[in-house]
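S.K.: Sharing a structure here in structure tokens format.
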Amino acid sequence: MQSSFTKRKKLGYCSGILTESFLYNMFYTYYLVFLTDVTHMKPVIAGTVSFISIIWDAVTDPIIGSFADRNGADKRKFMAKAAFPVGILFVVSFINIGTDNSVIQFIYYTAMAMLFWLAYTIYTIPYYAVAAEITQDYDERTSIRSTSSLMNTAAIFLGNALPSVLPALFAGLVISGHKLGDSFGWTATAVIMALMSIVFALIAVKSLKGISLMKAEAKADKDKKGIATIFKEFFEVLTIKPFKWLAIFIVFFLIASSMIQSSFEYMVKDAANADPEIWMTVIIIELVLVMAVFIPVVTKIAEHKDRRFSSLIFMSIMCLGLIVCKFIGVNSIPVVLVITFFMAIGMANFWTVFYSLAYDIVEVDEFATGNRREGVITALPQFFQKFGAAIGVWTVSLVLQLSGYDGELESQRQTVKDGIENNVTLFPAIFLMISIVGMLLYPITKAKFSLLKEQLGKKKSGQDYSTEGLEKII
């Protein structure tokens, strides 16, 4: 790691994950709830709003990544320019526009969510990609992601716990004899989340001041990349041998985890018949505590063995746990807490190793093509992440719609409860099995990466090099 990247700067940079995670978690856990229970959209329409906006986010990821990869492009400037728009657009996405017209609702919320995710991408892709410029060391990358993951537990807690409590508190406030109501409660909560996100974005940008970044210091490209060139780069990266298995790992894990996350409140209030204002906070506390315990364990295993090994262990545990819960039945808070425990184990692993797995492909690309494309290679996994998450959220909404969910009812029918149970056990377990197969076939181990770095060093210095032992990677 560069000497100028001090421990203080590292902590400042890692805290930038709070910016995206506050908003990411509130959106994925509560936006469907906000649309179905506050604006009274039909579940499948609300799910389609989320699906379109998240797919849009996925498509823009590699485009922004390509722009951030240009010689002369400073990823810190992307982050700084997006800090305020991402917060403002998040707030307007949580405003009840006060109409029951489904067409107007669909247009407004889809447009606002798409704009929010675009600003989110402009901040997030450069934020994650810049780590591959800061260091090329396997263990140091794991360390950065481990520190970020530990900080992320705080963001996961606040991004899920505050929206479970604050909307009702704000809604109960009385001004001039009138309660402010649910709509105000959700908007006020979004404002608080947005303000915290802006603060940590600015801290992250400041922490990177004075850090030597290869792309920022390189001579600017004379020829600007057109859309055709950008998509050509995408397909070039997609042809890198390990990438297809990484994509399978990412897509299907995110389908599984987003199905559970977007079902949390439905699981508590409709399947377990419990008070979400109380139990959502308990669930999120459990989620972050279990993650905080297991992230160091994941890190140790990933450093001692490798990230592939840790992923196979912890994802298998999560999958088996969900299958057991399906047989038990999701009809009580204790079972909800068990599901949360196993989800936390899988999330602790995924968010610790996810970006580091992508960073390793930067060196594979450099060995094969001579190019370092941190932005694109960081963005494409995010594309698959968002694609998987969009499918997961939409699947939840479809199951709710088909099972007869009605957001205005106090108690749902048994068919709805059965649908919620499958959304958090059977379906995620099936998707996790596919994800595990992807990681099982993923060829970059720690030993293979060390061999790759050795041969890449020889190639760059003009020495004789060999691809023996790297056939499944190069």
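Just so we're on the same page: first chain in the structure tokens is A, next is B, and so on; residues restart at 1 for each chain, and ligands are numbered from 1 in the order they show up.
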Check which residues of region 8-37 of chain A sit at most 12 Å from region 277-301 of chain A using only C-alpha atoms, and return one row each with the closest pair of atoms and their distance in Å to one decimal, ordered by chain and rising number, as JSON lines.
M.R.:
{"residue": "A:Asn25", "atom": "CA", "partner": "A:Ile284", "partner_atom": "CA", "distance": 10.9}
{"residue": "A:Met26", "atom": "CA", "partner": "A:Ile284", "partner_atom": "CA", "distance": 11.8}
{"residue": "A:Thr29", "atom": "CA", "partner": "A:Met280", "partner_atom": "CA", "distance": 10.5}
{"residue": "A:Tyr30", "atom": "CA", "partner": "A:Met280", "partner_atom": "CA", "distance": 11.2}
S.K.: Those selected residues, please, written with all heavy atoms and delivered as a PDB file, in the first residue's frame.
M.R.:
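What ended up in result.pdb:
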ATOM      1  N   ASN A  25     -29.914   0.222   1.943  1.00  0.00           N
ATOM      2  CA  ASN A  25     -30.672  -0.631   2.850  1.00  0.00           C
ATOM      3  C   ASN A  25     -32.085  -0.118   3.087  1.00  0.00           C
ATOM      4  O   ASN A  25     -33.033  -0.916   3.132  1.00  0.00           O
ATOM      5  CB  ASN A  25     -29.918  -0.787   4.173  1.00  0.00           C
ATOM      6  CG  ASN A  25     -28.812  -1.810   4.081  1.00  0.00           C
ATOM      7  OD1 ASN A  25     -29.058  -2.999   4.108  1.00  0.00           O
ATOM      8  ND2 ASN A  25     -27.577  -1.341   3.924  1.00  0.00           N
ATOM      9  N   MET A  26     -32.258   1.184   3.234  1.00  0.00           N
ATOM     10  CA  MET A  26     -33.606   1.699   3.411  1.00  0.00           C
ATOM     11  C   MET A  26     -34.433   1.438   2.157  1.00  0.00           C
ATOM     12  O   MET A  26     -35.616   1.069   2.241  1.00  0.00           O
ATOM     13  CB  MET A  26     -33.590   3.196   3.734  1.00  0.00           C
ATOM     14  CG  MET A  26     -34.994   3.761   3.962  1.00  0.00           C
ATOM     15  SD  MET A  26     -34.990   5.464   4.577  1.00  0.00           S
ATOM     16  CE  MET A  26     -36.749   5.868   4.459  1.00  0.00           C
ATOM     17  N   THR A  29     -35.209  -2.511   1.813  1.00  0.00           N
ATOM     18  CA  THR A  29     -36.073  -3.052   2.859  1.00  0.00           C
ATOM     19  C   THR A  29     -37.440  -2.393   2.882  1.00  0.00           C
ATOM     20  O   THR A  29     -38.447  -3.060   3.165  1.00  0.00           O
ATOM     21  CB  THR A  29     -35.407  -2.893   4.243  1.00  0.00           C
ATOM     22  OG1 THR A  29     -34.123  -3.518   4.217  1.00  0.00           O
ATOM     23  CG2 THR A  29     -36.238  -3.554   5.336  1.00  0.00           C
ATOM     24  N   TYR A  30     -37.520  -1.098   2.549  1.00  0.00           N
ATOM     25  CA  TYR A  30     -38.759  -0.364   2.810  1.00  0.00           C
ATOM     26  C   TYR A  30     -39.428   0.271   1.595  1.00  0.00           C
ATOM     27  O   TYR A  30     -40.574   0.711   1.712  1.00  0.00           O
ATOM     28  CB  TYR A  30     -38.493   0.728   3.862  1.00  0.00           C
ATOM     29  CG  TYR A  30     -38.120   0.175   5.198  1.00  0.00           C
ATOM     30  CD1 TYR A  30     -36.794   0.165   5.627  1.00  0.00           C
ATOM     31  CD2 TYR A  30     -39.085  -0.367   6.050  1.00  0.00           C
ATOM     32  CE1 TYR A  30     -36.446  -0.352   6.861  1.00  0.00           C
ATOM     33  CE2 TYR A  30     -38.740  -0.882   7.291  1.00  0.00           C
ATOM     34  CZ  TYR A  30     -37.421  -0.879   7.694  1.00  0.00           C
ATOM     35  OH  TYR A  30     -37.080  -1.403   8.912  1.00  0.00           O
TER      36      TYR A  30
END
S.K.: Hey, could you make a per-residue contact list for region 128-217 of chain A against region 349-356 of chain A with 7 Å as the cut-off, showing the nearest pair of atoms and its distance in Å to one decimal, counting only C-alpha atoms, sorted by chain and number, as CSV?
M.R.:
residue,atom,partner,partner_atom,distance
A:Arg141,CA,A:Ser356,CA,6.1
A:Thr142,CA,A:Ser356,CA,6.1
A:Arg145,CA,A:Thr352,CA,5.5
A:Ser146,CA,A:Thr352,CA,5.3
A:Ser149,CA,A:Thr352,CA,5.7
S.K.: Go through A:Ile230, A:Val399, A:Leu451, A:Ile156 one by one, measure the shortest atom-to-atom distance of each to Asp69 (chain A) using only C-alpha atoms, and give the residue with the smallest value.
M.R.: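 Checking each candidate against Asp69 (chain A), we get A:Ile230 as the closest.
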S.K.: Using DSSP secondary structure from the backbone, list all strand (DSSP E) positions within region 121-227 of chain A, as a ChimeraX atom specification.
M.R.: /A:174-175,178-179
S.K.: Excluding Thr378 (chain A) and its own-chain neighbours fewer than 5 positions away, which residues fall within 7 Å of it when counting only C-alpha atoms? Please give them as a PyMOL selection string.
M.R.: chain A and resi 125+128-129+358-359
S.K.: Hey, can you spit out that residue selection with N, CA, C and O atoms as an mmCIF file, in the first residue's frame?
M.R.:
data_model
loop_
_atom_site.group_PDB
_atom_site.id
_atom_site.type_symbol
_atom_site.label_atom_id
_atom_site.label_comp_id
_atom_site.auth_asym_id
_atom_site.auth_seq_id
_atom_site.Cartn_x
_atom_site.Cartn_y
_atom_site.Cartn_z
ATOM 1 N N ILE A 125 -19.694 3.661 -7.907
ATOM 2 C CA ILE A 125 -18.734 2.955 -8.767
ATOM 3 C C ILE A 125 -17.317 3.518 -8.590
ATOM 4 O O ILE A 125 -16.373 2.751 -8.352
ATOM 5 N N TYR A 128 -15.847 2.444 -5.042
ATOM 6 C CA TYR A 128 -15.311 1.089 -4.929
ATOM 7 C C TYR A 128 -14.114 0.873 -5.848
ATOM 8 O O TYR A 128 -13.150 0.199 -5.486
ATOM 9 N N ALA A 129 -14.163 1.426 -7.056
ATOM 10 C CA ALA A 129 -13.094 1.191 -8.027
ATOM 11 C C ALA A 129 -11.766 1.786 -7.583
ATOM 12 O O ALA A 129 -10.703 1.238 -7.901
ATOM 13 N N ALA A 358 -13.656 -9.044 -7.341
ATOM 14 C CA ALA A 358 -13.645 -8.266 -8.583
ATOM 15 C C ALA A 358 -12.293 -7.609 -8.822
ATOM 16 O O ALA A 358 -11.791 -7.580 -9.951
ATOM 17 N N TYR A 359 -11.671 -7.086 -7.748
ATOM 18 C CA TYR A 359 -10.367 -6.438 -7.905
ATOM 19 C C TYR A 359 -9.338 -7.393 -8.493
ATOM 20 O O TYR A 359 -8.473 -6.995 -9.279
#
S.K.: Hey, which of A:Lys7, A:Lys81, A:Lys42, A:Arg76 ends up closest to Leu400 (chain A)? Count only C-alpha atoms.
M.R.: A:Lys42
S.K.: Just give me the gap between CA of Glu421 (chain A) and CA of Ile323 (chain A) in Å, one decimal is fine.
M.R.: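 The value is 11.2 Å.
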S.K.: Kindly indicate which residue among A:Ile104, A:Ala447, A:Ala46, A:Ile430 lies nearest to Ile255 (chain A), using only C-alpha atoms for the distances.
M.R.: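 Checking each candidate against Ile255 (chain A), we get A:Ile430 as the closest.
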S.K.: Excluding region 456-467 of chain A and its own-chain neighbours fewer than 3 positions away, which residues fall within 12 Å of it when counting only C-alpha atoms? Please give them as a VMD selection string.
M.R.: chain A and resid 136 362 to 371 448 to 453 470 to 474
S.K.: Quick one: residues within 8 Å of region 406-414 of chain A, only C-alpha atoms, excluding same-chain residues fewer than 4 positions away - as JSON, numbers by chain?
M.R.: {"A": [36, 37, 40, 42, 270, 418]}
S.K.: Which residues are near Thr124 (chain A)? Cut-off 10 Å, only C-alpha atoms, ignore same chain within fewer than 2 positions. Put them as a PyMOL selection string.
M.R.: chain A and resi 16-17+19-21+61+64-65+75+78-79+82-83+117-122+126-129+201+378-379+382
S.K.: Pick from A:Gly392, A:Gly469, A:Pro334, A:Gly47: nearest to Val268 (chain A), with only C-alpha atoms counted?
M.R.: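 Closest to Val268 (chain A) of all the choices is A:Pro334.
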